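**Student:** Structure file input_18.txt, compact mmCIF, C-alpha atoms, is pasted below:
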```
# COMPACT_ATOMS: atom_id res chain seq x y z
CA MET M 1 -21.81 -17.57 -6.54
CA LYS M 2 -19.19 -18.75 -9.02
CA LEU M 3 -15.54 -17.98 -8.35
CA SER M 4 -13.84 -16.28 -11.26
CA THR M 5 -10.61 -18.03 -10.21
CA PRO M 6 -11.30 -21.54 -8.80
CA TYR M 7 -8.67 -22.87 -6.42
CA SER M 8 -7.44 -26.04 -4.72
CA ILE M 9 -6.50 -26.70 -1.10
CA ALA M 10 -5.24 -29.81 0.66
CA TYR M 11 -8.62 -31.51 0.91
CA GLU M 12 -10.92 -30.04 -1.77
CA GLU M 13 -11.40 -28.17 -5.05
CA VAL M 14 -13.42 -24.94 -4.81
CA ASP M 15 -15.18 -23.23 -7.72
CA THR M 16 -18.40 -22.03 -6.09
CA ALA M 17 -19.32 -20.23 -2.87
CA VAL M 18 -22.76 -20.75 -1.36
CA ASN M 19 -23.88 -18.14 1.17
CA VAL M 20 -27.25 -17.79 2.88
CA PHE M 21 -28.38 -14.20 3.49
CA LEU M 22 -30.53 -13.06 6.38
CA ARG M 23 -32.47 -9.84 6.75
CA ILE M 24 -34.00 -8.84 10.10
CA HIS M 25 -36.85 -6.35 9.99
CA THR M 26 -37.87 -4.12 12.87
CA ASN M 27 -40.94 -1.99 13.49
CA GLY M 28 -38.69 1.04 13.15
CA PRO M 29 -36.83 2.44 10.13
CA HIS M 30 -33.91 -0.01 10.18
CA THR M 31 -33.20 -3.51 8.92
CA GLY M 32 -30.14 -5.59 9.69
CA THR M 33 -28.42 -7.95 7.27
CA GLY M 34 -26.08 -10.88 7.80
CA CYS M 35 -24.88 -13.91 5.87
CA ALA M 36 -23.77 -17.44 6.58
CA ALA M 37 -21.04 -19.31 4.69
CA PRO M 38 -21.68 -22.92 5.75
CA ASP M 39 -18.96 -25.45 4.99
CA GLU M 40 -19.23 -29.10 5.97
CA GLN M 41 -15.45 -29.47 6.33
CA VAL M 42 -15.02 -26.44 8.61
CA THR M 43 -18.31 -25.40 10.22
CA GLY M 44 -20.07 -28.77 9.96
CA GLU M 45 -23.10 -27.33 8.13
CA THR M 46 -24.64 -27.57 4.70
CA PRO M 47 -26.32 -24.62 2.96
CA GLU M 48 -29.61 -26.51 3.09
CA GLN M 49 -29.37 -26.87 6.87
CA ALA M 50 -28.50 -23.19 7.26
CA LEU M 51 -31.42 -22.10 5.10
CA GLU M 52 -33.83 -24.36 7.00
CA SER M 53 -32.68 -23.02 10.36
CA MET M 54 -33.07 -19.42 9.28
CA SER M 55 -36.45 -20.06 7.67
CA ASP M 56 -38.03 -22.18 10.38
CA GLY M 57 -36.25 -21.58 13.69
CA ILE M 58 -34.52 -18.23 13.92
CA GLY M 59 -37.49 -16.04 13.07
CA SER M 60 -39.83 -17.49 15.68
CA MET M 61 -37.19 -17.15 18.40
CA LEU M 62 -36.40 -13.52 17.57
CA LYS M 63 -39.86 -12.21 16.77
CA GLY M 64 -41.05 -9.54 19.20
CA SER M 65 -37.63 -9.11 20.85
CA ASP M 66 -35.61 -5.94 21.36
CA PRO M 67 -32.92 -6.18 18.62
CA LEU M 68 -30.43 -4.12 20.63
CA ARG M 69 -30.19 -6.78 23.35
CA ILE M 70 -27.60 -8.71 21.38
CA ALA M 71 -26.09 -10.68 24.28
CA PHE M 72 -29.55 -11.79 25.44
CA LEU M 73 -30.66 -12.88 21.98
CA MET M 74 -27.45 -14.70 21.08
CA ASN M 75 -27.50 -16.51 24.40
CA ARG M 76 -31.06 -17.65 23.63
CA LEU M 77 -29.95 -19.00 20.24
CA SER M 78 -26.61 -20.47 21.29
CA ARG M 79 -27.90 -23.79 22.63
CA PRO M 80 -30.38 -24.85 19.90
CA PHE M 81 -27.99 -23.75 17.13
CA ARG M 82 -24.64 -24.57 18.78
CA GLU M 83 -23.78 -26.98 15.94
CA GLN M 84 -24.41 -24.28 13.32
CA PRO M 85 -21.84 -21.53 13.88
CA SER M 86 -22.32 -19.85 10.51
CA VAL M 87 -26.06 -19.50 11.22
CA LEU M 88 -25.25 -17.89 14.55
CA ALA M 89 -22.75 -15.66 12.78
CA ALA M 90 -25.40 -14.47 10.32
CA VAL M 91 -27.79 -13.53 13.14
CA ASP M 92 -25.03 -11.89 15.17
CA MET M 93 -23.96 -9.91 12.08
CA ALA M 94 -27.48 -8.71 11.37
CA LEU M 95 -28.01 -7.62 15.00
CA HIS M 96 -24.72 -5.73 15.07
CA ASP M 97 -25.63 -4.13 11.74
CA LEU M 98 -28.89 -2.97 13.31
CA MET M 99 -27.07 -1.58 16.34
CA GLY M 100 -24.75 0.48 14.18
CA LYS M 101 -27.64 1.79 12.13
CA ALA M 102 -29.59 2.69 15.27
CA ALA M 103 -26.55 4.62 16.51
CA GLY M 104 -25.97 6.15 13.10
CA ILE M 105 -22.25 5.22 12.94
CA PRO M 106 -20.08 2.47 11.43
CA LEU M 107 -19.92 -0.63 13.60
CA TYR M 108 -16.13 -0.62 14.08
CA LYS M 109 -16.38 2.69 15.93
CA LEU M 110 -18.98 1.25 18.32
CA LEU M 111 -16.76 -1.75 18.98
CA GLY M 112 -13.63 0.26 19.74
CA GLY M 113 -12.46 2.02 16.59
CA PHE M 114 -8.75 1.30 16.97
CA ARG M 115 -7.93 1.74 13.25
CA ASP M 116 -9.79 2.71 10.10
CA ARG M 117 -8.17 0.47 7.45
CA MET M 118 -6.29 -2.81 7.26
CA ALA M 119 -4.08 -4.57 4.75
CA THR M 120 -5.19 -8.05 3.73
CA SER M 121 -3.35 -11.00 2.29
CA ILE M 122 -4.63 -12.73 -0.83
CA THR M 123 -4.64 -16.49 -1.29
CA ILE M 124 -3.02 -18.60 -3.99
CA GLY M 125 -4.39 -22.14 -4.12
CA ILE M 126 -2.45 -25.29 -4.97
CA LEU M 127 -1.26 -24.79 -8.53
CA PRO M 128 1.68 -25.86 -10.67
CA GLU M 129 4.88 -23.96 -9.93
CA THR M 130 4.80 -21.71 -13.00
CA GLU M 131 1.15 -20.78 -12.47
CA THR M 132 1.78 -20.08 -8.79
CA VAL M 133 4.53 -17.63 -9.65
CA ARG M 134 2.48 -15.96 -12.39
CA LEU M 135 -0.45 -15.41 -10.04
CA ALA M 136 1.83 -14.18 -7.25
CA MET M 137 3.37 -11.57 -9.53
CA ASP M 138 -0.07 -10.53 -10.76
CA TYR M 139 -1.30 -9.95 -7.21
CA ALA M 140 1.88 -8.10 -6.30
CA GLY M 141 1.29 -5.86 -9.31
CA GLN M 142 -2.20 -5.10 -8.01
CA GLY M 143 -0.69 -3.80 -4.76
CA PHE M 144 -1.02 -6.79 -2.44
CA ARG M 145 1.99 -6.93 -0.15
CA SER M 146 1.10 -10.23 1.54
CA LEU M 147 0.51 -13.54 -0.24
CA LYS M 148 -0.84 -16.70 1.37
CA ILE M 149 0.23 -19.84 -0.45
CA LYS M 150 -1.84 -22.99 0.02
CA GLY M 151 -0.24 -26.42 0.24
CA GLY M 152 -0.46 -29.66 2.17
CA ARG M 153 -0.68 -32.27 -0.59
CA ASN M 154 3.00 -32.67 -1.40
CA MET M 155 5.64 -31.16 0.85
CA GLU M 156 8.45 -31.20 -1.71
CA SER M 157 6.29 -29.45 -4.30
CA ASP M 158 5.19 -26.88 -1.70
CA VAL M 159 8.81 -26.08 -0.89
CA GLU M 160 9.65 -25.48 -4.54
CA ARG M 161 6.62 -23.26 -5.08
CA VAL M 162 7.37 -21.10 -2.05
CA ILE M 163 11.04 -20.69 -2.95
CA ARG M 164 10.19 -19.79 -6.55
CA VAL M 165 7.67 -17.18 -5.45
CA ARG M 166 10.24 -15.61 -3.14
CA GLU M 167 12.84 -15.53 -5.89
CA SER M 168 10.37 -13.87 -8.26
CA ALA M 169 8.63 -11.48 -5.87
CA GLY M 170 11.70 -10.34 -3.96
CA PRO M 171 12.03 -9.48 -0.27
CA GLY M 172 9.33 -6.81 -0.14
CA ILE M 173 6.40 -9.26 -0.26
CA GLN M 174 5.28 -11.14 2.86
CA LEU M 175 4.77 -14.86 2.29
CA ARG M 176 2.45 -16.90 4.47
CA PHE M 177 1.91 -20.65 4.12
CA ASP M 178 -1.23 -22.66 4.89
CA ALA M 179 -1.11 -26.47 4.77
CA ASN M 180 -4.80 -26.86 5.72
CA GLN M 181 -4.08 -29.87 7.99
CA GLY M 182 -2.22 -31.70 5.24
CA TYR M 183 1.11 -32.37 6.99
CA SER M 184 2.40 -34.57 9.73
CA ALA M 185 4.41 -32.76 12.41
CA GLU M 186 7.62 -34.08 10.85
CA GLU M 187 6.66 -32.83 7.39
CA ALA M 188 5.82 -29.38 8.79
CA ILE M 189 9.24 -29.17 10.46
CA CYS M 190 10.94 -30.31 7.25
CA PHE M 191 9.01 -27.69 5.29
CA PHE M 192 10.27 -24.97 7.63
CA GLU M 193 13.89 -26.14 7.35
CA ALA M 194 13.69 -26.33 3.56
CA THR M 195 12.15 -22.85 3.14
CA LYS M 196 14.35 -20.84 5.49
CA SER M 197 15.79 -18.94 2.54
CA ALA M 198 12.27 -17.87 1.53
CA ASN M 199 11.66 -16.13 4.87
CA VAL M 200 8.11 -17.41 5.33
CA GLU M 201 6.26 -15.15 7.78
CA LEU M 202 4.04 -17.80 9.40
CA MET M 203 2.73 -21.35 9.03
CA GLU M 204 -1.01 -21.91 9.33
CA GLN M 205 -2.62 -25.15 10.57
CA PRO M 206 -0.01 -27.60 9.25
CA THR M 207 -1.41 -30.64 11.12
CA PRO M 208 -4.87 -32.25 11.58
CA ARG M 209 -7.26 -30.30 13.79
CA GLY M 210 -8.23 -33.35 15.83
CA GLN M 211 -4.67 -33.61 17.16
CA PRO M 212 -3.88 -30.17 18.62
CA ASP M 213 -0.79 -31.48 20.42
CA LEU M 214 0.84 -31.87 17.00
CA LEU M 215 0.63 -28.10 16.59
CA GLY M 216 2.62 -27.80 19.79
CA ARG M 217 5.26 -30.18 18.48
CA VAL M 218 5.64 -28.08 15.35
CA SER M 219 5.69 -24.72 17.17
CA ARG M 220 8.41 -25.95 19.53
CA ASN M 221 10.64 -26.97 16.63
CA VAL M 222 10.36 -24.11 14.14
CA GLN M 223 11.43 -20.49 14.41
CA ILE M 224 8.39 -18.91 12.74
CA PRO M 225 4.92 -18.43 14.24
CA VAL M 226 2.55 -21.41 13.98
CA MET M 227 -1.12 -20.51 13.68
CA ALA M 228 -4.24 -22.51 14.59
CA ASP M 229 -7.16 -22.27 12.17
CA GLU M 230 -9.31 -25.39 11.91
CA SER M 231 -8.28 -26.29 15.48
CA LEU M 232 -10.01 -23.15 16.76
CA ILE M 233 -13.81 -23.33 16.66
CA THR M 234 -15.00 -22.50 20.18
CA LEU M 235 -13.98 -20.31 23.08
CA ARG M 236 -12.90 -23.46 24.90
CA ASP M 237 -10.62 -24.35 21.99
CA ALA M 238 -8.93 -20.98 22.40
CA PHE M 239 -8.48 -21.57 26.11
CA ARG M 240 -6.96 -25.04 25.59
CA LEU M 241 -4.59 -23.86 22.85
CA ALA M 242 -3.47 -20.97 25.04
CA LYS M 243 -3.19 -22.97 28.28
CA LYS M 244 -0.99 -25.64 26.68
CA GLU M 245 1.00 -23.06 24.69
CA LEU M 246 0.45 -25.07 21.51
CA VAL M 247 0.52 -22.17 19.03
CA ASP M 248 1.83 -18.65 18.58
CA MET M 249 -1.18 -17.28 16.70
CA VAL M 250 -4.85 -17.97 16.07
CA ASN M 251 -7.06 -17.36 13.05
CA ILE M 252 -10.49 -16.13 14.11
CA LYS M 253 -13.16 -16.59 11.46
CA LEU M 254 -16.63 -15.33 12.27
CA MET M 255 -18.23 -18.25 10.46
CA LYS M 256 -16.34 -20.78 12.57
CA VAL M 257 -16.87 -19.17 15.95
CA GLY M 258 -20.43 -17.87 15.62
CA GLY M 259 -20.14 -14.15 14.99
CA ILE M 260 -18.64 -10.91 16.20
CA ALA M 261 -19.54 -11.22 19.89
CA GLU M 262 -17.92 -14.64 20.18
CA ALA M 263 -14.92 -13.44 18.18
CA MET M 264 -14.45 -10.64 20.72
CA ALA M 265 -14.46 -13.19 23.56
CA ILE M 266 -11.92 -15.44 21.81
CA ASN M 267 -9.82 -12.39 21.05
CA ALA M 268 -9.78 -11.49 24.75
CA VAL M 269 -8.51 -14.97 25.66
CA SER M 270 -5.87 -14.70 22.95
CA LYS M 271 -4.76 -11.29 24.16
CA SER M 272 -4.46 -12.48 27.75
CA ALA M 273 -2.27 -15.39 26.59
CA GLY M 274 -0.08 -13.21 24.39
CA LEU M 275 -1.25 -14.86 21.17
CA GLU M 276 -1.27 -12.79 18.02
CA VAL M 277 -4.57 -12.80 16.12
CA MET M 278 -5.47 -12.89 12.45
CA VAL M 279 -9.03 -12.37 11.26
CA GLY M 280 -9.79 -14.80 8.46
CA CYS M 281 -12.70 -15.77 6.29
CA MET M 282 -14.36 -18.51 4.32
CA ASP M 283 -15.55 -18.05 0.73
CA GLU M 284 -17.81 -15.20 1.79
CA ALA M 285 -19.79 -12.44 0.17
CA ALA M 286 -18.57 -8.90 0.80
CA LEU M 287 -21.09 -8.58 3.64
CA GLY M 288 -19.30 -11.31 5.62
CA ILE M 289 -15.95 -9.72 4.82
CA ALA M 290 -17.29 -6.39 6.11
CA ALA M 291 -18.24 -7.99 9.43
CA GLY M 292 -14.76 -9.48 9.81
CA LEU M 293 -13.20 -6.14 8.91
CA HIS M 294 -15.24 -4.17 11.45
CA PHE M 295 -14.20 -6.64 14.15
CA ALA M 296 -10.54 -6.39 13.14
CA LEU M 297 -10.57 -2.59 12.98
CA ALA M 298 -11.91 -2.39 16.52
CA ARG M 299 -9.20 -4.32 18.34
CA PRO M 300 -5.46 -3.47 18.55
CA ASN M 301 -4.20 -7.05 18.92
CA VAL M 302 -5.87 -8.24 15.70
CA ILE M 303 -2.78 -7.49 13.67
CA TYR M 304 -3.26 -9.62 10.55
CA ALA M 305 -6.13 -9.87 8.09
CA ASP M 306 -6.86 -12.57 5.55
CA LEU M 307 -10.10 -11.17 4.20
CA ASP M 308 -10.11 -12.01 0.52
CA GLY M 309 -13.04 -14.43 0.27
CA HIS M 310 -15.18 -11.96 -1.67
CA ILE M 311 -12.64 -11.27 -4.40
CA GLY M 312 -13.77 -12.75 -7.70
CA LEU M 313 -17.25 -13.80 -6.54
CA ASP M 314 -19.73 -13.43 -9.38
CA ALA M 315 -23.17 -11.93 -8.69
CA ASP M 316 -22.46 -11.05 -5.05
CA PRO M 317 -25.59 -9.19 -3.85
CA SER M 318 -23.52 -7.37 -1.23
CA ALA M 319 -20.69 -6.24 -3.54
CA GLY M 320 -19.35 -2.90 -2.34
CA ALA M 321 -19.77 -3.64 1.37
CA VAL M 322 -16.01 -3.06 1.71
CA ILE M 323 -13.58 -0.97 -0.31
CA LEU M 324 -10.35 -2.58 -1.56
CA LYS M 325 -7.47 -0.41 -2.75
CA LYS M 326 -4.03 -1.86 -3.50
CA GLY M 327 -4.38 -4.66 -0.97
CA VAL M 328 -5.87 -2.50 1.78
CA LEU M 329 -9.46 -2.85 3.00
CA TYR M 330 -11.56 0.14 4.11
CA PRO M 331 -15.07 0.29 5.57
CA THR M 332 -17.61 2.20 3.50
CA GLY M 333 -18.24 4.79 6.22
CA ARG M 334 -21.96 4.05 6.23
CA PRO M 335 -23.70 3.10 9.52
CA GLY M 336 -23.62 -0.49 10.73
CA LEU M 337 -21.76 -2.89 8.46
CA GLY M 338 -22.02 -0.37 5.64
CA ALA M 339 -23.58 -2.68 3.05
CA LEU M 340 -26.26 -1.75 0.54
CA ILE M 341 -28.22 -4.87 -0.43
CA SER M 342 -31.23 -4.79 -2.72
```
Re-express the file's structure as structure tokens.

**Tutor:**
Amino acid sequence: MKLSTPYSIAYEEVDTAVNVFLRIHTNGPHTGTGCAAPDEQVTGETPEQALESMSDGIGSMLKGSDPLRIAFLMNRLSRPFREQPSVLAAVDMALHDLMGKAAGIPLYKLLGGFRDRMATSITIGILPETETVRLAMDYAGQGFRSLKIKGGRNMESDVERVIRVRESAGPGIQLRFDANQGYSAEEAICFFEATKSANVELMEQPTPRGQPDLLGRVSRNVQIPVMADESLITLRDAFRLAKKELVDMVNIKLMKVGGIAEAMAINAVSKSAGLEVMVGCMDEAALGIAAGLHFALARPNVIYADLDGHIGLDADPSAGAVILKKGVLYPTGRPGLGALIS
């Protein structure tokens, strides 16, 4: 799927999203659908690997099983596909979709039903200063009240872009900043000091994921929340980040962690440690965004959403799986994940 607005982050240029869709058939009236958004940089998978796993391995391991025994089935798949979290996420999504359809209600109500809508941020990639401001004002005009600005290539340029957006957008817009591992700890601290006037709400993954202690150094020296993204892949990652008090927040992406069930487990660890949670996304079709939204709606301590990966995707077969109005996401109200896919 082509992106109508390509973007840049610290380590790559993105103009296309490749998702792999999965449909699970039963001998009853229902089917379940899921999708994977493999990304070599984040999930360690290629689309070709994901497609091969779904075509050759998943089907034979699920065939003949009770689709409502989600924990049993995901446990069976977790070892052979442990290096393919987006594949696991697609299966988990499809099984949860089936469960909601079998119950006849939207999935978020089955999972807890804490809220029925959620505001999302929208992302601005690395662009020249003038273009960054123009896009920020355009999104604000569409009703988005939270903007996530990407950076990590040049700290001084990032500072100028953030300050200019604040000057143009005014105090009513929340600004979040994501360096995508592009900074040293010292650069992240300097960025915070230089942007105090811009009142940045949070700083996401400023330092390399392979050095989680650097996140701790940043969080101890800045007065805004520091969030782990790429450093959080597994439940054990969540435990280590929490135990060492390295961050203030975590970004749970279903594609990174392996689906809704695993996201719920990581969320429980985060809640016990007093860490705030944001549900995030990759470049995902609306079906993947719907799964993230249903998870977020179900749990009270998931207080932030960054679910904009479907916006501007051309030829998305699951378009309409979520409803977006003035920066707020709503489920469709249909059973399961609420998607209609031909």

**Student:** Please report the interatomic distance between atom CA of M:Thr43 and atom CA of M:Pro85 in Å with one decimal.

**Tutor:** 6.4 Å

**Student:** Select from stretch 1-103 of chain M every residue with an atom at most 10 Å from any atom of stretch 130-152 of chain M, then for each give the shortest pair of atoms and their distance in Å to one decimal, using all atoms listed in the file, rows by chain and rising number, as JSON lines.

**Tutor:**
```
{"residue": "M:Tyr7", "atom": "CA", "partner": "M:Lys150", "partner_atom": "CA", "distance": 9.4}
{"residue": "M:Ser8", "atom": "CA", "partner": "M:Lys150", "partner_atom": "CA", "distance": 7.9}
{"residue": "M:Ile9", "atom": "CA", "partner": "M:Lys150", "partner_atom": "CA", "distance": 6.1}
{"residue": "M:Ala10", "atom": "CA", "partner": "M:Gly152", "partner_atom": "CA", "distance": 5.0}
{"residue": "M:Tyr11", "atom": "CA", "partner": "M:Gly152", "partner_atom": "CA", "distance": 8.5}
```

**Student:** One number please: atom CA of M:Glu262 to atom CA of M:Leu88, in Å, one decimal.

**Tutor:**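 A separation of 9.8 Å between them.
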
**Student:** Can you pull out the residues contacting M:Phe21? Cut-off 12 Å, using only C-alpha atoms, and skip same-chain residues under 2 positions away; I want them as a PyMOL selection string.

**Tutor:** chain M and resi 18-19+23-24+32-38+47+50-51+53-55+86-87+89-91+93-94+284-288+316-318+341-342

**Student:** Grab the residues selected above and save them as a CSV table (one decimal), keeping the file's coordinate frame with C-alpha atoms.

**Tutor:**
```
chain,number,residue,atom,x,y,z
M,18,VAL,CA,-22.8,-20.8,-1.4
M,19,ASN,CA,-23.9,-18.1,1.2
M,23,ARG,CA,-32.5,-9.8,6.8
M,24,ILE,CA,-34.0,-8.8,10.1
M,32,GLY,CA,-30.1,-5.6,9.7
M,33,THR,CA,-28.4,-8.0,7.3
M,34,GLY,CA,-26.1,-10.9,7.8
M,35,CYS,CA,-24.9,-13.9,5.9
M,36,ALA,CA,-23.8,-17.4,6.6
M,37,ALA,CA,-21.0,-19.3,4.7
M,38,PRO,CA,-21.7,-22.9,5.8
M,47,PRO,CA,-26.3,-24.6,3.0
M,50,ALA,CA,-28.5,-23.2,7.3
M,51,LEU,CA,-31.4,-22.1,5.1
M,53,SER,CA,-32.7,-23.0,10.4
M,54,MET,CA,-33.1,-19.4,9.3
M,55,SER,CA,-36.4,-20.1,7.7
M,86,SER,CA,-22.3,-19.8,10.5
M,87,VAL,CA,-26.1,-19.5,11.2
M,89,ALA,CA,-22.8,-15.7,12.8
M,90,ALA,CA,-25.4,-14.5,10.3
M,91,VAL,CA,-27.8,-13.5,13.1
M,93,MET,CA,-24.0,-9.9,12.1
M,94,ALA,CA,-27.5,-8.7,11.4
M,284,GLU,CA,-17.8,-15.2,1.8
M,285,ALA,CA,-19.8,-12.4,0.2
M,286,ALA,CA,-18.6,-8.9,0.8
M,287,LEU,CA,-21.1,-8.6,3.6
M,288,GLY,CA,-19.3,-11.3,5.6
M,316,ASP,CA,-22.5,-11.0,-5.0
M,317,PRO,CA,-25.6,-9.2,-3.8
M,318,SER,CA,-23.5,-7.4,-1.2
M,341,ILE,CA,-28.2,-4.9,-0.4
M,342,SER,CA,-31.2,-4.8,-2.7
```

**Student:** Using all atoms listed in the file - which residues lie no farther than 10 Å from the point (-16.7, -1.5, 21.2) in the file's frame? Write them as an mmCIF file with C-alpha atoms, in the frame of the given file.

**Tutor:**
```cif
data_model
loop_
_atom_site.group_PDB
_atom_site.id
_atom_site.type_symbol
_atom_site.label_atom_id
_atom_site.label_comp_id
_atom_site.auth_asym_id
_atom_site.auth_seq_id
_atom_site.Cartn_x
_atom_site.Cartn_y
_atom_site.Cartn_z
ATOM 1 C CA LEU M 107 -19.920 -0.630 13.600
ATOM 2 C CA TYR M 108 -16.130 -0.620 14.080
ATOM 3 C CA LYS M 109 -16.380 2.690 15.930
ATOM 4 C CA LEU M 110 -18.980 1.250 18.320
ATOM 5 C CA LEU M 111 -16.760 -1.750 18.980
ATOM 6 C CA GLY M 112 -13.630 0.260 19.740
ATOM 7 C CA GLY M 113 -12.460 2.020 16.590
ATOM 8 C CA PHE M 114 -8.750 1.300 16.970
ATOM 9 C CA MET M 264 -14.450 -10.640 20.720
ATOM 10 C CA PHE M 295 -14.200 -6.640 14.150
ATOM 11 C CA ALA M 298 -11.910 -2.390 16.520
ATOM 12 C CA ARG M 299 -9.200 -4.320 18.340
#
```

**Student:** Name all residues at most 7 Å from M:Thr195 (count only C-alpha atoms; drop same-chain ones fewer than 4 positions away) and give them as a list in words.

**Tutor:** Val159, Ile163, Phe191 and Asn199 of chain M
